[in-house]
Amino acid sequence: MKHATRGFSLLEVVAATLLLAIAFTALLKVAGGAMELTRNADGHSQAALWARSLLDTVDITTPLQAGRTEGRFDATYRWRLVVTPWSPAVTPGQNNPMRVVKLDLDVIWGPSLRERSAHFSTLRVLGAAKSP
């Protein structure tokens, strides 16, 4: 007696190949998304390092003055710093001997169509205010 060997039909092979292609495409999308998230996190980490460097040294060489300044860290990252006077809420009759400024720093990077930015804000005590 002869036993007939039965293989897969063409329809089953096509269906299996299609299912494999769909699964592979989904995996590639997930991997691509993970790589984009990693690049984004790296960009923000670099921006934070640049911001810390600038904020740590901003008033060492020249005194801070109210206004806006801009510059570049390197070919990729640039910055915009806004310095504004800041005063805490004081009760009437209370004298505030400190001069405080608010520093708002934006670090910007990336191509102009997909520009990214990170904002950093802090207060800096400048020293004792002069009494009249």
# chains A, B, ... in the order shown; residues from 1 in each chain; ligands from 1
$ residues_around --residues "Glu115 of chain A" --least-positions-apart "4" --cutoff "12 Å" --atoms "only C-alpha atoms" --output "PyMOL selection string"
chain A and resi 40+43+76-78+107-111
$ select_by_dssp --residues "segment 28-91 of chain A" --states "helix (DSSP H, G or I)" --output "PyMOL selection string"
chain A and resi 28-57
$ write_last_selection --atoms "C-alpha atoms" --output "PDB file, in the first residue's frame"
ATOM      1  CA  LEU A  28      10.644  46.877  13.178  1.00  0.00           C
ATOM      2  CA  LYS A  29       8.243  49.684  14.121  1.00  0.00           C
ATOM      3  CA  VAL A  30       8.729  48.952  17.830  1.00  0.00           C
ATOM      4  CA  ALA A  31      12.517  48.873  17.418  1.00  0.00           C
ATOM      5  CA  GLY A  32      12.457  52.129  15.438  1.00  0.00           C
ATOM      6  CA  GLY A  33      10.316  53.788  18.100  1.00  0.00           C
ATOM      7  CA  ALA A  34      12.701  52.637  20.822  1.00  0.00           C
ATOM      8  CA  MET A  35      15.655  54.052  18.886  1.00  0.00           C
ATOM      9  CA  GLU A  36      13.863  57.397  18.456  1.00  0.00           C
ATOM     10  CA  LEU A  37      13.095  57.528  22.198  1.00  0.00           C
ATOM     11  CA  THR A  38      16.749  56.814  22.946  1.00  0.00           C
ATOM     12  CA  ARG A  39      17.889  59.624  20.611  1.00  0.00           C
ATOM     13  CA  ASN A  40      15.379  61.993  22.212  1.00  0.00           C
ATOM     14  CA  ALA A  41      16.562  61.092  25.726  1.00  0.00           C
ATOM     15  CA  ASP A  42      20.178  61.575  24.643  1.00  0.00           C
ATOM     16  CA  GLY A  43      19.355  65.021  23.253  1.00  0.00           C
ATOM     17  CA  HIS A  44      17.672  66.068  26.491  1.00  0.00           C
ATOM     18  CA  SER A  45      20.578  64.717  28.552  1.00  0.00           C
ATOM     19  CA  GLN A  46      23.049  66.706  26.464  1.00  0.00           C
ATOM     20  CA  ALA A  47      20.869  69.812  26.800  1.00  0.00           C
ATOM     21  CA  ALA A  48      20.788  69.399  30.586  1.00  0.00           C
ATOM     22  CA  LEU A  49      24.578  69.103  30.711  1.00  0.00           C
ATOM     23  CA  TRP A  50      25.011  72.224  28.587  1.00  0.00           C
ATOM     24  CA  ALA A  51      22.459  74.104  30.715  1.00  0.00           C
ATOM     25  CA  ARG A  52      24.159  73.146  33.955  1.00  0.00           C
ATOM     26  CA  SER A  53      27.501  74.264  32.579  1.00  0.00           C
ATOM     27  CA  LEU A  54      26.141  77.646  31.505  1.00  0.00           C
ATOM     28  CA  LEU A  55      24.110  78.268  34.663  1.00  0.00           C
ATOM     29  CA  ASP A  56      27.109  77.396  36.856  1.00  0.00           C
ATOM     30  CA  THR A  57      29.370  79.901  35.101  1.00  0.00           C
TER      31      THR A  57
END
$ atom_distance --atom1 "atom CA of Gly71 of chain A" --atom2 "atom CA of Asp106 of chain A"
10.7 Å
$ atom_distance --atom1 "atom CA of Val58 of chain A" --atom2 "atom CA of Thr84 of chain A"
14.0 Å
$ select_by_dssp --residues "segment 60-96 of chain A" --states "strand (DSSP E)" --output "PyMOL selection string"
chain A and resi 67-72+78-86
$ closest_atom_pairs --of "segment 52-106 of chain A" --to "segment 123-127 of chain A" --cutoff "10 Å" --atoms "only C-alpha atoms" --output "CSV"
residue,atom,partner,partner_atom,distance
A:Leu55,CA,A:Arg124,CA,9.5
A:Asp59,CA,A:Leu126,CA,9.0
A:Pro63,CA,A:Leu126,CA,8.7
A:Leu64,CA,A:Leu126,CA,8.0
A:Val83,CA,A:Leu123,CA,9.5
A:Thr84,CA,A:Leu123,CA,9.6
A:Pro85,CA,A:Leu123,CA,9.5
A:Trp86,CA,A:Leu123,CA,8.0
A:Pro97,CA,A:Gly127,CA,8.2
A:Met98,CA,A:Gly127,CA,5.8
A:Arg99,CA,A:Leu126,CA,5.4
A:Val100,CA,A:Val125,CA,4.5
A:Val101,CA,A:Arg124,CA,5.4
A:Lys102,CA,A:Leu123,CA,4.5
A:Leu103,CA,A:Leu123,CA,6.0
A:Asp104,CA,A:Leu123,CA,8.8
$ closest_residue --among "A:Arg68, A:Pro88, A:Trp79, A:Ile22" --to "His119 of chain A" --atoms "only C-alpha atoms"
A:Trp79
$ atom_distance --atom1 "atom CA of Leu105 of chain A" --atom2 "atom CA of Gly67 of chain A"
12.0 Å
$ closest_residue --among "A:Leu11, A:Arg80, A:Gln65, A:Thr17" --to "Ala118 of chain A" --atoms "only C-alpha atoms"
A:Arg80
$ decode --residues "segment 54-83 of chain A" --atoms "N, CA and C atoms" --output "compact mmCIF listing (two decimals), in the first residue's frame"
# COMPACT_ATOMS: atom_id res chain seq x y z
N LEU A 54 26.36 76.21 31.69
CA LEU A 54 26.14 77.65 31.50
C LEU A 54 25.64 78.30 32.79
N LEU A 55 24.67 77.68 33.46
CA LEU A 55 24.11 78.27 34.66
C LEU A 55 25.13 78.32 35.80
N ASP A 56 26.07 77.39 35.82
CA ASP A 56 27.11 77.40 36.86
C ASP A 56 28.13 78.51 36.64
N THR A 57 28.31 78.93 35.40
CA THR A 57 29.37 79.90 35.10
C THR A 57 28.86 81.24 34.59
N VAL A 58 27.57 81.43 34.52
CA VAL A 58 27.01 82.61 33.84
C VAL A 58 27.41 83.94 34.48
N ASP A 59 27.60 84.00 35.78
CA ASP A 59 27.92 85.29 36.39
C ASP A 59 29.35 85.36 36.90
N ILE A 60 30.22 84.48 36.44
CA ILE A 60 31.61 84.48 36.91
C ILE A 60 32.43 85.56 36.21
N THR A 61 32.34 85.63 34.90
CA THR A 61 33.18 86.59 34.16
C THR A 61 32.55 87.97 34.06
N THR A 62 31.24 88.04 33.91
CA THR A 62 30.55 89.34 33.83
C THR A 62 29.35 89.31 34.76
N PRO A 63 29.05 90.44 35.39
CA PRO A 63 27.89 90.46 36.29
C PRO A 63 26.58 90.28 35.52
N LEU A 64 25.64 89.64 36.17
CA LEU A 64 24.33 89.42 35.55
C LEU A 64 23.57 90.74 35.48
N GLN A 65 22.97 90.99 34.33
CA GLN A 65 22.13 92.16 34.14
C GLN A 65 20.84 91.72 33.51
N ALA A 66 19.76 92.41 33.84
CA ALA A 66 18.46 92.08 33.26
C ALA A 66 18.52 92.20 31.75
N GLY A 67 17.89 91.26 31.08
CA GLY A 67 17.87 91.28 29.62
C GLY A 67 17.95 89.89 29.04
N ARG A 68 18.14 89.85 27.74
CA ARG A 68 18.15 88.58 27.01
C ARG A 68 19.47 88.45 26.25
N THR A 69 20.08 87.28 26.35
CA THR A 69 21.30 86.99 25.60
C THR A 69 21.14 85.63 24.94
N GLU A 70 21.87 85.45 23.85
CA GLU A 70 21.83 84.19 23.10
C GLU A 70 23.23 83.79 22.71
N GLY A 71 23.40 82.51 22.44
CA GLY A 71 24.69 82.03 22.00
C GLY A 71 24.62 80.58 21.55
N ARG A 72 25.79 80.03 21.24
CA ARG A 72 25.89 78.64 20.80
C ARG A 72 26.85 77.90 21.71
N PHE A 73 26.49 76.66 22.02
CA PHE A 73 27.41 75.78 22.72
C PHE A 73 28.35 75.11 21.72
N ASP A 74 27.76 74.60 20.65
CA ASP A 74 28.51 73.94 19.57
C ASP A 74 27.68 74.04 18.30
N ALA A 75 27.99 73.23 17.31
CA ALA A 75 27.28 73.31 16.03
C ALA A 75 25.83 72.84 16.14
N THR A 76 25.51 72.07 17.18
CA THR A 76 24.17 71.51 17.32
C THR A 76 23.30 72.25 18.32
N TYR A 77 23.87 72.62 19.46
CA TYR A 77 23.11 73.19 20.57
C TYR A 77 23.34 74.69 20.68
N ARG A 78 22.24 75.42 20.87
CA ARG A 78 22.32 76.85 21.11
C ARG A 78 21.48 77.19 22.34
N TRP A 79 21.64 78.40 22.85
CA TRP A 79 20.94 78.78 24.08
C TRP A 79 20.39 80.19 23.99
N ARG A 80 19.38 80.42 24.84
CA ARG A 80 18.76 81.74 24.98
C ARG A 80 18.52 81.94 26.48
N LEU A 81 19.09 82.99 27.05
CA LEU A 81 18.99 83.25 28.49
C LEU A 81 18.27 84.57 28.72
N VAL A 82 17.25 84.54 29.57
CA VAL A 82 16.52 85.74 29.95
C VAL A 82 16.72 85.94 31.45
N VAL A 83 17.25 87.11 31.81
CA VAL A 83 17.49 87.46 33.21
C VAL A 83 16.50 88.54 33.60
